[in-house]
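Structure file data_26.pdb (PDB, C-alpha atoms and all ligand atoms) follows.
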```
MODEL        1
ATOM      1  CA  MET A   1      42.579  -1.505  15.966  1.00  0.00           C
ATOM      2  CA  VAL A   2      43.339   1.243  13.507  1.00  0.00           C
ATOM      3  CA  ARG A   3      40.241   2.885  12.174  1.00  0.00           C
ATOM      4  CA  GLU A   4      40.078   3.139   8.391  1.00  0.00           C
ATOM      5  CA  SER A   5      39.764   6.583   6.960  1.00  0.00           C
ATOM      6  CA  GLU A   6      36.122   7.634   7.043  1.00  0.00           C
ATOM      7  CA  PRO A   7      34.345   5.761   4.232  1.00  0.00           C
ATOM      8  CA  CYS A   8      32.616   7.925   1.696  1.00  0.00           C
ATOM      9  CA  TRP A   9      29.036   6.735   1.360  1.00  0.00           C
ATOM     10  CA  SER A  10      26.968   7.783  -1.590  1.00  0.00           C
ATOM     11  CA  LEU A  11      23.212   7.940  -1.464  1.00  0.00           C
ATOM     12  CA  THR A  12      21.219   5.685  -3.793  1.00  0.00           C
ATOM     13  CA  ASP A  13      17.603   6.058  -4.865  1.00  0.00           C
ATOM     14  CA  HIS A  14      16.813   2.694  -3.340  1.00  0.00           C
ATOM     15  CA  VAL A  15      15.312   1.484  -0.088  1.00  0.00           C
ATOM     16  CA  CYS A  16      15.908  -1.511   2.161  1.00  0.00           C
ATOM     17  CA  TYR A  17      13.579  -4.502   1.717  1.00  0.00           C
ATOM     18  CA  ARG A  18      13.461  -5.075   5.464  1.00  0.00           C
ATOM     19  CA  CYS A  19      12.643  -1.631   6.810  1.00  0.00           C
ATOM     20  CA  LEU A  20      12.365   0.639   3.730  1.00  0.00           C
ATOM     21  CA  GLY A  21      15.291   2.706   5.010  1.00  0.00           C
ATOM     22  CA  ARG A  22      17.465   4.545   2.540  1.00  0.00           C
ATOM     23  CA  ILE A  23      20.390   2.593   1.099  1.00  0.00           C
ATOM     24  CA  VAL A  24      23.870   4.048   0.739  1.00  0.00           C
ATOM     25  CA  GLU A  25      26.832   2.561  -1.072  1.00  0.00           C
ATOM     26  CA  ARG A  26      30.565   2.788  -0.922  1.00  0.00           C
ATOM     27  CA  GLN A  27      33.512   1.229  -2.668  1.00  0.00           C
ATOM     28  CA  SER A  28      35.621  -1.157  -0.641  1.00  0.00           C
ATOM     29  CA  SER A  29      38.638  -3.191  -1.636  1.00  0.00           C
ATOM     30  CA  ASP A  30      36.313  -6.181  -2.091  1.00  0.00           C
ATOM     31  CA  GLY A  31      33.678  -4.421  -4.174  1.00  0.00           C
ATOM     32  CA  VAL A  32      30.644  -2.249  -3.620  1.00  0.00           C
ATOM     33  CA  VAL A  33      29.265  -2.330  -0.098  1.00  0.00           C
ATOM     34  CA  ALA A  34      25.621  -1.380   0.350  1.00  0.00           C
ATOM     35  CA  ARG A  35      24.192  -0.399   3.698  1.00  0.00           C
ATOM     36  CA  CYS A  36      20.783   0.530   5.037  1.00  0.00           C
ATOM     37  CA  CYS A  37      20.847   3.803   6.961  1.00  0.00           C
ATOM     38  CA  ASP A  38      18.010   2.707   9.221  1.00  0.00           C
ATOM     39  CA  CYS A  39      18.481  -0.917  10.248  1.00  0.00           C
ATOM     40  CA  GLY A  40      22.195  -1.100   9.494  1.00  0.00           C
ATOM     41  CA  LEU A  41      21.893  -4.100   7.193  1.00  0.00           C
ATOM     42  CA  GLU A  42      25.129  -4.255   5.229  1.00  0.00           C
ATOM     43  CA  VAL A  43      26.062  -6.452   2.276  1.00  0.00           C
ATOM     44  CA  LEU A  44      28.785  -6.785  -0.267  1.00  0.00           C
ATOM     45  CA  GLY A  45      27.628  -6.631  -3.869  1.00  0.00           C
ATOM     46  CA  GLY A  46      25.683  -3.412  -4.225  1.00  0.00           C
ATOM     47  CA  TYR A  47      22.247  -2.102  -3.363  1.00  0.00           C
ATOM     48  CA  ARG A  48      20.345  -4.703  -5.369  1.00  0.00           C
ATOM     49  CA  LYS A  49      21.172  -7.281  -2.708  1.00  0.00           C
ATOM     50  CA  ILE A  50      19.091  -5.442  -0.122  1.00  0.00           C
ATOM     51  CA  CYS A  51      16.763  -3.094  -2.013  1.00  0.00           C
ATOM     52  CA  THR A  52      13.132  -3.784  -2.823  1.00  0.00           C
ATOM     53  CA  CYS A  53      13.805  -3.987  -6.605  1.00  0.00           C
ATOM     54  CA  GLY A  54      16.020  -6.975  -5.983  1.00  0.00           C
ATOM     55  CA  LEU A  55      13.352  -8.864  -4.018  1.00  0.00           C
ATOM     56  CA  THR A  56      12.428 -12.243  -5.442  1.00  0.00           C
ATOM     57  CA  LEU A  57       9.720 -14.720  -4.563  1.00  0.00           C
ATOM     58  CA  MET A  58      10.507 -18.196  -3.257  1.00  0.00           C
ATOM     59  CA  SER A  59      10.179 -19.390  -6.865  1.00  0.00           C
ATOM     60  CA  GLY A  60      12.970 -17.046  -7.896  1.00  0.00           C
ATOM     61  CA  ARG A  61      10.693 -14.767  -9.905  1.00  0.00           C
ATOM     62  CA  PRO A  62      10.887 -11.018  -9.241  1.00  0.00           C
ATOM     63  CA  ALA A  63       8.478 -10.067  -6.485  1.00  0.00           C
ATOM     64  CA  GLY A  64       7.320  -6.999  -8.380  1.00  0.00           C
ATOM     65  CA  PHE A  65       8.564  -4.452  -5.903  1.00  0.00           C
ATOM     66  CA  TYR A  66      10.636  -1.499  -6.920  1.00  0.00           C
ATOM     67  CA  CYS A  67      11.991   1.663  -5.390  1.00  0.00           C
ATOM     68  CA  ALA A  68      10.461   4.940  -6.459  1.00  0.00           C
ATOM     69  CA  LYS A  69      10.555   8.604  -5.610  1.00  0.00           C
ATOM     70  CA  ASN A  70       7.656   9.584  -3.444  1.00  0.00           C
ATOM     71  CA  ASP A  71       5.762  12.310  -5.303  1.00  0.00           C
ATOM     72  CA  ASN A  72       4.073  13.381  -2.076  1.00  0.00           C
ATOM     73  CA  HIS A  73       7.350  13.718  -0.271  1.00  0.00           C
ATOM     74  CA  LYS A  74       7.235  16.052   2.712  1.00  0.00           C
ATOM     75  CA  PRO A  75      10.574  16.451   4.440  1.00  0.00           C
ATOM     76  CA  GLY A  76      10.386  15.120   7.988  1.00  0.00           C
ATOM     77  CA  LYS A  77       6.994  13.536   7.412  1.00  0.00           C
ATOM     78  CA  THR A  78       7.293  11.017   4.620  1.00  0.00           C
ATOM     79  CA  GLN A  79      10.178   9.234   3.020  1.00  0.00           C
ATOM     80  CA  GLU A  80      11.677  10.528  -0.181  1.00  0.00           C
ATOM     81  CA  ILE A  81      12.088   7.068  -1.647  1.00  0.00           C
ATOM     82  CA  ILE A  82       9.468   4.399  -1.074  1.00  0.00           C
ATOM     83  CA  GLY A  83       8.997   0.768  -1.984  1.00  0.00           C
ATOM     84  CA  LEU A  84       6.108   0.222  -4.376  1.00  0.00           C
ATOM     85  CA  HIS A  85       4.528  -2.838  -5.931  1.00  0.00           C
ATOM     86  CA  ASP A  86       3.546  -3.257  -9.590  1.00  0.00           C
ATOM     87  CA  GLU A  87      -0.027  -4.016  -8.645  1.00  0.00           C
ATOM     88  CA  TRP A  88      -0.428  -1.025  -6.389  1.00  0.00           C
ATOM     89  CA  VAL A  89      -0.038   1.586  -9.121  1.00  0.00           C
TER      90      VAL A  89
HETATM   91 ZN    ZN B   1      15.798  -0.580  -5.545  1.00  0.00          ZN
HETATM   92 ZN    ZN B   2      16.896  -1.495   6.604  1.00  0.00          ZN
ENDMDL
END
```

Please re-express this file's structure in C-alpha cells.
Amino acid sequence: MVRESEPCWSLTDHVCYRCLGRIVERQSSDGVVARCCDCGLEVLGGYRKICTCGLTLMSGRPAGFYCAKNDNHKPGKTQEIIGLHDEWV
C-alpha cells in the first residue's frame, strides 16, 4: 500500500467529547476530517462531530457543553483547552 503524503493537521481550539483530548483537522478529498490526538477518534465532517460543543442530549437539545481556553493553563500540568458546562461557570 502506498502511503499518502503526510497529511497536514491543523490544531483546533476544541476538545474531544470522549476524552477531552485536543482535536485536529485536515482536508481530505471527501471533506474535513477531524481527529482526537489522544484517543484517536476520527470522523469525517469537522470537529463539531466529536467536540464537546457539538454534544447533544438524547432529546436532541444541546447538552450545554462547550470548549474553552483554560485560563489557569500550565504547560505539562493542565490542558490548554478544556470542556466546560454552561452551569459550571
Ligand atoms: Zn468545541
Ligand atoms: Zn478523544

Q: List all protein, DNA and RNA residues that have an atom no more than 8 Å from any atom of ligand ZN 2 (chain B), counting all atoms listed in the file, and report them as a ChimeraX atom specification.
A: /A:15-23,35-41

Q.
Neighbours of ligand ZN 1 (chain B) at 6 Å or closer, counting only C-alpha atoms and all ligand atoms: which residues, as a PyMOL selection string?
A. chain A and resi 14-15+51-53+66-67

Q. Mind pulling up the distance from CA of Thr12 in chain A to CA of Asn70 in chain A?
A. 14.1 Å

Q.
If we draw a sphere of 10 Å around (23.9, -6.2, -0.5), which residues have at least one atom in it when counting only C-alpha atoms? Please report them as a ChimeraX atom specification.
A. /A:16,23,25,32-36,41-51,54

(Q) Report, in Å to a single decimal, how far apart CA of Ser10 in chain A and CA of Ile81 in chain A are. (A) 14.9 Å

(Q) Between A:Thr78, A:Thr56, A:Asn72, A:Ser28, which residue has the minimum interatomic distance to Cys8 in chain A, considering all atoms listed in the file? (A) A:Ser28

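Using all atoms listed in the file, the smallest distance between any of A:Arg26, A:His85, A:Asp13, A:Pro7 and Leu55 in chain A comes from A:His85.
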
Q. In Å, how far is it from CA of Arg61 in chain A to CA of Gln79 in chain A?
A. 27.3 Å

Q: Kindly indicate which residue among A:Leu57, A:Leu84, A:Leu11, A:Val24 lies nearest to Lys69 in chain A, using all atoms listed in the file for the distances.
A: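 Checking each of A:Leu57, A:Leu84, A:Leu11, A:Val24 against Lys69 in chain A, counting all atoms listed in the file, the winner is A:Leu84.
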
Padding 4 Å on each side, edges along x, y and z: where is the centre of the box around the listed atoms of range 18-35 of chain A, and how long are its edges in Å to one decimal? Output it as lines of an AutoDock Vina configuration file.
```
center_x = 25.5
center_y = -0.8
center_z = 1.3
size_x = 34.3
size_y = 18.7
size_z = 19.0
```
